[in-house]
Amino acid sequence: MLYRGEAVPYHFDCIFYYVSEMERAIRFYRDVLGLKSVSRDVVARFDIDGVLFELVPASGRSQLQGAGNARLCLRVENMEQALQDLRAQGIFVSPAEDKGAGLLARLHDPDGNEICLWQYSSGA
């Protein structure tokens, strides 16, 4: 696409999930996952290693659990410890799967948005 005769400049902004209950979602991402909250107005913003992650209030149920395939994936250094910590907080987490290059586990936030945990193999 051209903009003033040049390619349109695209810049990364954020990753976001729609949520049905903002306060519940903030508690989950802040208190359960330990993400750093950076600001709050209509949306809640978190910093994940320099990447902006936002929680956006859904205007209707149709915005929740869309058919897209995007996932928030968090890297962990010790999958076993991460799974134990989350389960101790009452969070259902799948068993870790060996994907060759690393271990992958899945959990869901209170609105059903999938979150992946990834631990690279020691040789990766």
# chains A, B, ... in the order shown; residues from 1 in each chain; ligands from 1
$ residues_around --residues "Lys36 of chain A" --least-positions-apart "5" --cutoff "12 Å" --atoms "only C-alpha atoms" --output "compact mmCIF listing (two decimals) with C-alpha atoms, in the first residue's frame"
# COMPACT_ATOMS: atom_id res chain seq x y z
CA ILE A 26 -6.42 -7.16 35.82
CA ARG A 27 -6.17 -9.27 38.98
CA PHE A 28 -5.46 -12.38 36.89
CA TYR A 29 -2.71 -10.85 34.77
CA ARG A 30 -1.18 -8.81 37.60
CA ASP A 31 -1.60 -11.11 40.60
CA ALA A 44 -5.36 -1.72 31.15
CA ARG A 45 -1.77 -1.87 29.91
CA PHE A 46 1.01 -4.21 30.95
CA ASP A 47 4.66 -4.38 29.98
CA ILE A 48 6.02 -7.81 29.06
CA ASP A 49 9.75 -7.45 28.35
CA GLY A 50 9.18 -4.20 26.47
CA VAL A 51 6.06 -5.39 24.62
CA LEU A 52 2.78 -3.59 25.31
CA PHE A 53 -0.04 -5.97 26.24
CA GLU A 54 -3.52 -4.52 26.74
$ select_by_dssp --residues "chain A" --states "strand (DSSP E or B)" --output "number ranges by chain"
A: 2-3, 6-7, 15-19, 36-40, 44-48, 51-57, 72-75, 93, 97-98, 102-108, 114-120
$ closest_residue --among "A:Pro110, A:Ser94, A:Leu103, A:Gln84" --to "Glu23 of chain A" --atoms "only C-alpha atoms"
A:Pro110
$ residues_around --residues "Leu117 of chain A" --least-positions-apart "4" --cutoff "12 Å" --atoms "only C-alpha atoms" --output "PyMOL selection string"
chain A and resi 33+71-83+86+93-98+102-108
$ write_last_selection --atoms "N, CA and C atoms" --output "tab-separated table (two decimals), in the first residue's frame"
chain	number	residue	atom	x	y	z
A	33	LEU	N	-0.30	-13.98	37.07
A	33	LEU	CA	0.84	-14.10	36.15
A	33	LEU	C	1.99	-13.16	36.49
A	71	ARG	N	-2.14	-16.06	20.11
A	71	ARG	CA	-2.01	-16.46	21.51
A	71	ARG	C	-0.96	-15.59	22.17
A	72	LEU	N	-1.15	-15.31	23.45
A	72	LEU	CA	-0.11	-14.70	24.25
A	72	LEU	C	0.75	-15.86	24.72
A	73	CYS	N	2.04	-15.80	24.45
A	73	CYS	CA	2.95	-16.86	24.85
A	73	CYS	C	4.01	-16.26	25.76
A	74	LEU	N	4.12	-16.80	26.97
A	74	LEU	CA	5.07	-16.31	27.95
A	74	LEU	C	6.19	-17.33	28.12
A	75	ARG	N	7.42	-16.87	28.00
A	75	ARG	CA	8.58	-17.76	28.17
A	75	ARG	C	8.86	-17.93	29.65
A	76	VAL	N	9.13	-19.16	30.05
A	76	VAL	CA	9.49	-19.45	31.43
A	76	VAL	C	10.84	-20.17	31.44
A	77	GLU	N	11.56	-20.02	32.52
A	77	GLU	CA	12.86	-20.70	32.66
A	77	GLU	C	12.70	-22.10	33.22
A	78	ASN	N	11.65	-22.32	34.02
A	78	ASN	CA	11.44	-23.60	34.67
A	78	ASN	C	9.95	-23.96	34.56
A	79	MET	N	9.63	-24.77	33.56
A	79	MET	CA	8.22	-25.12	33.29
A	79	MET	C	7.60	-25.83	34.49
A	80	GLU	N	8.30	-26.76	35.07
A	80	GLU	CA	7.74	-27.51	36.19
A	80	GLU	C	7.35	-26.58	37.34
A	81	GLN	N	8.22	-25.64	37.67
A	81	GLN	CA	7.93	-24.70	38.74
A	81	GLN	C	6.76	-23.79	38.38
A	82	ALA	N	6.72	-23.32	37.13
A	82	ALA	CA	5.62	-22.46	36.68
A	82	ALA	C	4.29	-23.19	36.80
A	83	LEU	N	4.24	-24.46	36.38
A	83	LEU	CA	3.01	-25.23	36.45
A	83	LEU	C	2.59	-25.44	37.90
A	86	LEU	N	1.16	-22.06	39.33
A	86	LEU	CA	-0.18	-21.74	38.82
A	86	LEU	C	-1.22	-22.68	39.41
A	93	VAL	N	-3.90	-25.79	34.33
A	93	VAL	CA	-2.86	-25.68	33.30
A	93	VAL	C	-2.70	-27.06	32.69
A	94	SER	N	-2.58	-27.10	31.38
A	94	SER	CA	-2.39	-28.39	30.71
A	94	SER	C	-1.04	-28.98	31.10
A	95	PRO	N	-0.86	-30.28	30.93
A	95	PRO	CA	0.48	-30.84	31.11
A	95	PRO	C	1.41	-30.24	30.05
A	96	ALA	N	2.68	-30.14	30.36
A	96	ALA	CA	3.65	-29.64	29.39
A	96	ALA	C	3.84	-30.68	28.29
A	97	GLU	N	3.87	-30.20	27.06
A	97	GLU	CA	4.11	-31.07	25.90
A	97	GLU	C	5.51	-30.79	25.36
A	98	ASP	N	6.24	-31.85	25.05
A	98	ASP	CA	7.57	-31.70	24.45
A	98	ASP	C	7.38	-31.46	22.96
A	102	GLY	N	11.30	-27.28	22.64
A	102	GLY	CA	10.98	-26.83	23.97
A	102	GLY	C	9.71	-27.46	24.49
A	103	LEU	N	9.30	-27.00	25.66
A	103	LEU	CA	8.08	-27.49	26.31
A	103	LEU	C	6.99	-26.44	26.20
A	104	LEU	N	5.76	-26.88	25.93
A	104	LEU	CA	4.63	-25.99	25.76
A	104	LEU	C	3.50	-26.42	26.70
A	105	ALA	N	2.93	-25.48	27.44
A	105	ALA	CA	1.75	-25.73	28.27
A	105	ALA	C	0.75	-24.61	28.00
A	106	ARG	N	-0.52	-24.90	28.30
A	106	ARG	CA	-1.58	-23.94	28.02
A	106	ARG	C	-2.46	-23.71	29.24
A	107	LEU	N	-2.95	-22.48	29.36
A	107	LEU	CA	-3.94	-22.13	30.36
A	107	LEU	C	-4.85	-21.09	29.75
A	108	HIS	N	-5.91	-20.74	30.46
A	108	HIS	CA	-6.85	-19.73	29.96
A	108	HIS	C	-7.09	-18.68	31.02
$ atom_distance --atom1 "atom CA of Ile15 of chain A" --atom2 "atom CA of Gly100 of chain A"
26.7 Å
$ closest_residue --among "A:Ser39, A:Lys99, A:Gln89, A:Asp111" --to "Glu21 of chain A" --atoms "only C-alpha atoms"
A:Asp111
$ closest_residue --among "A:Gly90, A:Pro57, A:Gly112, A:Gly34" --to "Tyr18 of chain A" --atoms "only C-alpha atoms"
A:Pro57
$ atom_distance --atom1 "atom CA of Ser59 of chain A" --atom2 "atom CA of Pro9 of chain A"
29.7 Å
$ select_by_dssp --residues "segment 23-84 of chain A" --states "helix (DSSP H, G or I)" --output "list of chain:residue names"
A:Glu23, A:Arg24, A:Ala25, A:Ile26, A:Arg27, A:Phe28, A:Tyr29, A:Arg30, A:Asp31, A:Val32, A:Arg61, A:Ser62, A:Gln63, A:Met79, A:Glu80, A:Gln81, A:Ala82, A:Leu83, A:Gln84
$ write_last_selection --atoms "N, CA and C atoms" --output "PDB file, in the first residue's frame"
ATOM      1  N   GLU A  23     -11.765  -5.631  36.069  1.00  0.00           N
ATOM      2  CA  GLU A  23     -11.076  -5.797  37.361  1.00  0.00           C
ATOM      3  C   GLU A  23     -10.628  -7.238  37.576  1.00  0.00           C
ATOM      4  N   ARG A  24     -11.467  -8.190  37.214  1.00  0.00           N
ATOM      5  CA  ARG A  24     -11.117  -9.611  37.331  1.00  0.00           C
ATOM      6  C   ARG A  24      -9.925  -9.934  36.433  1.00  0.00           C
ATOM      7  N   ALA A  25      -9.943  -9.401  35.219  1.00  0.00           N
ATOM      8  CA  ALA A  25      -8.850  -9.656  34.281  1.00  0.00           C
ATOM      9  C   ALA A  25      -7.544  -9.035  34.775  1.00  0.00           C
ATOM     10  N   ILE A  26      -7.620  -7.817  35.289  1.00  0.00           N
ATOM     11  CA  ILE A  26      -6.416  -7.160  35.817  1.00  0.00           C
ATOM     12  C   ILE A  26      -5.829  -7.987  36.951  1.00  0.00           C
ATOM     13  N   ARG A  27      -6.671  -8.444  37.868  1.00  0.00           N
ATOM     14  CA  ARG A  27      -6.175  -9.272  38.976  1.00  0.00           C
ATOM     15  C   ARG A  27      -5.483 -10.531  38.461  1.00  0.00           C
ATOM     16  N   PHE A  28      -6.053 -11.156  37.447  1.00  0.00           N
ATOM     17  CA  PHE A  28      -5.465 -12.380  36.887  1.00  0.00           C
ATOM     18  C   PHE A  28      -4.076 -12.101  36.311  1.00  0.00           C
ATOM     19  N   TYR A  29      -3.991 -11.119  35.444  1.00  0.00           N
ATOM     20  CA  TYR A  29      -2.709 -10.851  34.767  1.00  0.00           C
ATOM     21  C   TYR A  29      -1.671 -10.254  35.721  1.00  0.00           C
ATOM     22  N   ARG A  30      -2.110  -9.434  36.646  1.00  0.00           N
ATOM     23  CA  ARG A  30      -1.184  -8.812  37.604  1.00  0.00           C
ATOM     24  C   ARG A  30      -0.826  -9.767  38.747  1.00  0.00           C
ATOM     25  N   ASP A  31      -1.835 -10.338  39.386  1.00  0.00           N
ATOM     26  CA  ASP A  31      -1.604 -11.111  40.602  1.00  0.00           C
ATOM     27  C   ASP A  31      -1.247 -12.571  40.345  1.00  0.00           C
ATOM     28  N   VAL A  32      -1.855 -13.185  39.350  1.00  0.00           N
ATOM     29  CA  VAL A  32      -1.572 -14.593  39.062  1.00  0.00           C
ATOM     30  C   VAL A  32      -0.336 -14.741  38.179  1.00  0.00           C
ATOM     31  N   ARG A  61     -20.494 -10.129  23.810  1.00  0.00           N
ATOM     32  CA  ARG A  61     -19.949 -11.498  23.893  1.00  0.00           C
ATOM     33  C   ARG A  61     -19.276 -11.918  22.594  1.00  0.00           C
ATOM     34  N   SER A  62     -19.693 -11.349  21.464  1.00  0.00           N
ATOM     35  CA  SER A  62     -19.132 -11.765  20.177  1.00  0.00           C
ATOM     36  C   SER A  62     -17.647 -11.437  20.059  1.00  0.00           C
ATOM     37  N   GLN A  63     -17.151 -10.493  20.856  1.00  0.00           N
ATOM     38  CA  GLN A  63     -15.730 -10.151  20.805  1.00  0.00           C
ATOM     39  C   GLN A  63     -14.872 -11.103  21.633  1.00  0.00           C
ATOM     40  N   MET A  79       9.625 -24.775  33.559  1.00  0.00           N
ATOM     41  CA  MET A  79       8.225 -25.120  33.291  1.00  0.00           C
ATOM     42  C   MET A  79       7.596 -25.825  34.485  1.00  0.00           C
ATOM     43  N   GLU A  80       8.296 -26.763  35.070  1.00  0.00           N
ATOM     44  CA  GLU A  80       7.736 -27.513  36.193  1.00  0.00           C
ATOM     45  C   GLU A  80       7.350 -26.584  37.341  1.00  0.00           C
ATOM     46  N   GLN A  81       8.218 -25.643  37.666  1.00  0.00           N
ATOM     47  CA  GLN A  81       7.930 -24.697  38.745  1.00  0.00           C
ATOM     48  C   GLN A  81       6.759 -23.785  38.380  1.00  0.00           C
ATOM     49  N   ALA A  82       6.721 -23.316  37.127  1.00  0.00           N
ATOM     50  CA  ALA A  82       5.625 -22.456  36.681  1.00  0.00           C
ATOM     51  C   ALA A  82       4.286 -23.188  36.795  1.00  0.00           C
ATOM     52  N   LEU A  83       4.244 -24.457  36.376  1.00  0.00           N
ATOM     53  CA  LEU A  83       3.012 -25.229  36.453  1.00  0.00           C
ATOM     54  C   LEU A  83       2.591 -25.439  37.904  1.00  0.00           C
ATOM     55  N   GLN A  84       3.534 -25.746  38.764  1.00  0.00           N
ATOM     56  CA  GLN A  84       3.230 -25.923  40.188  1.00  0.00           C
ATOM     57  C   GLN A  84       2.687 -24.641  40.803  1.00  0.00           C
TER      58      GLN A  84
END
$ closest_residue --among "A:Asn113, A:Phe92, A:Leu55, A:Tyr120" --to "Val42 of chain A" --atoms "only C-alpha atoms"
A:Leu55
$ decode --residues "segment 26-115 of chain A" --atoms "C-alpha atoms" --output "short mmCIF file (atom, residue, chain, number, x, y, z; two decimals), in the first residue's frame"
data_model
loop_
_atom_site.label_atom_id
_atom_site.label_comp_id
_atom_site.auth_asym_id
_atom_site.auth_seq_id
_atom_site.Cartn_x
_atom_site.Cartn_y
_atom_site.Cartn_z
CA ILE A 26 -6.42 -7.16 35.82
CA ARG A 27 -6.17 -9.27 38.98
CA PHE A 28 -5.46 -12.38 36.89
CA TYR A 29 -2.71 -10.85 34.77
CA ARG A 30 -1.18 -8.81 37.60
CA ASP A 31 -1.60 -11.11 40.60
CA VAL A 32 -1.57 -14.59 39.06
CA LEU A 33 0.84 -14.10 36.15
CA GLY A 34 2.82 -11.29 37.77
CA LEU A 35 2.73 -8.93 34.79
CA LYS A 36 3.79 -5.33 35.40
CA SER A 37 0.88 -2.90 35.11
CA VAL A 38 1.97 0.33 33.40
CA SER A 39 -1.24 2.35 32.99
CA ARG A 40 -5.00 2.24 33.13
CA ASP A 41 -7.75 4.29 31.52
CA VAL A 42 -10.42 2.65 29.37
CA VAL A 43 -7.92 -0.18 28.81
CA ALA A 44 -5.36 -1.72 31.15
CA ARG A 45 -1.77 -1.87 29.91
CA PHE A 46 1.01 -4.21 30.95
CA ASP A 47 4.66 -4.38 29.98
CA ILE A 48 6.02 -7.81 29.06
CA ASP A 49 9.75 -7.45 28.35
CA GLY A 50 9.18 -4.20 26.47
CA VAL A 51 6.06 -5.39 24.62
CA LEU A 52 2.78 -3.59 25.31
CA PHE A 53 -0.04 -5.97 26.24
CA GLU A 54 -3.52 -4.52 26.74
CA LEU A 55 -6.82 -5.66 28.20
CA VAL A 56 -9.73 -4.07 26.34
CA PRO A 57 -13.33 -4.15 27.57
CA ALA A 58 -15.51 -6.18 25.23
CA SER A 59 -18.61 -4.40 23.97
CA GLY A 60 -20.39 -7.74 23.54
CA ARG A 61 -19.95 -11.50 23.89
CA SER A 62 -19.13 -11.76 20.18
CA GLN A 63 -15.73 -10.15 20.80
CA LEU A 64 -14.76 -12.81 23.32
CA GLN A 65 -13.08 -16.03 22.23
CA GLY A 66 -12.85 -15.11 18.58
CA ALA A 67 -11.94 -17.62 15.92
CA GLY A 68 -8.47 -16.17 15.39
CA ASN A 69 -5.34 -18.12 16.18
CA ALA A 70 -3.28 -15.51 18.05
CA ARG A 71 -2.01 -16.46 21.51
CA LEU A 72 -0.11 -14.70 24.25
CA CYS A 73 2.95 -16.86 24.85
CA LEU A 74 5.07 -16.31 27.95
CA ARG A 75 8.58 -17.76 28.17
CA VAL A 76 9.49 -19.45 31.43
CA GLU A 77 12.86 -20.70 32.66
CA ASN A 78 11.44 -23.60 34.67
CA MET A 79 8.22 -25.12 33.29
CA GLU A 80 7.74 -27.51 36.19
CA GLN A 81 7.93 -24.70 38.74
CA ALA A 82 5.62 -22.46 36.68
CA LEU A 83 3.01 -25.23 36.45
CA GLN A 84 3.23 -25.92 40.19
CA ASP A 85 2.88 -22.22 41.05
CA LEU A 86 -0.18 -21.74 38.82
CA ARG A 87 -1.86 -24.94 40.03
CA ALA A 88 -1.26 -23.87 43.64
CA GLN A 89 -3.30 -20.74 42.82
CA GLY A 90 -6.15 -22.88 41.50
CA ILE A 91 -5.40 -22.29 37.82
CA PHE A 92 -5.96 -25.23 35.47
CA VAL A 93 -2.86 -25.68 33.30
CA SER A 94 -2.39 -28.39 30.71
CA PRO A 95 0.48 -30.84 31.11
CA ALA A 96 3.65 -29.64 29.39
CA GLU A 97 4.11 -31.07 25.90
CA ASP A 98 7.57 -31.70 24.45
CA LYS A 99 7.62 -29.92 21.09
CA GLY A 100 11.25 -30.75 20.27
CA ALA A 101 12.59 -27.22 20.57
CA GLY A 102 10.98 -26.83 23.97
CA LEU A 103 8.08 -27.49 26.31
CA LEU A 104 4.63 -25.99 25.76
CA ALA A 105 1.75 -25.73 28.27
CA ARG A 106 -1.58 -23.94 28.02
CA LEU A 107 -3.94 -22.13 30.36
CA HIS A 108 -6.85 -19.73 29.96
CA ASP A 109 -7.65 -16.38 31.50
CA PRO A 110 -11.08 -15.84 33.13
CA ASP A 111 -12.58 -14.99 29.70
CA GLY A 112 -11.21 -18.09 28.00
CA ASN A 113 -8.34 -16.38 26.15
CA GLU A 114 -5.58 -18.95 25.69
CA ILE A 115 -2.16 -18.25 27.17
#
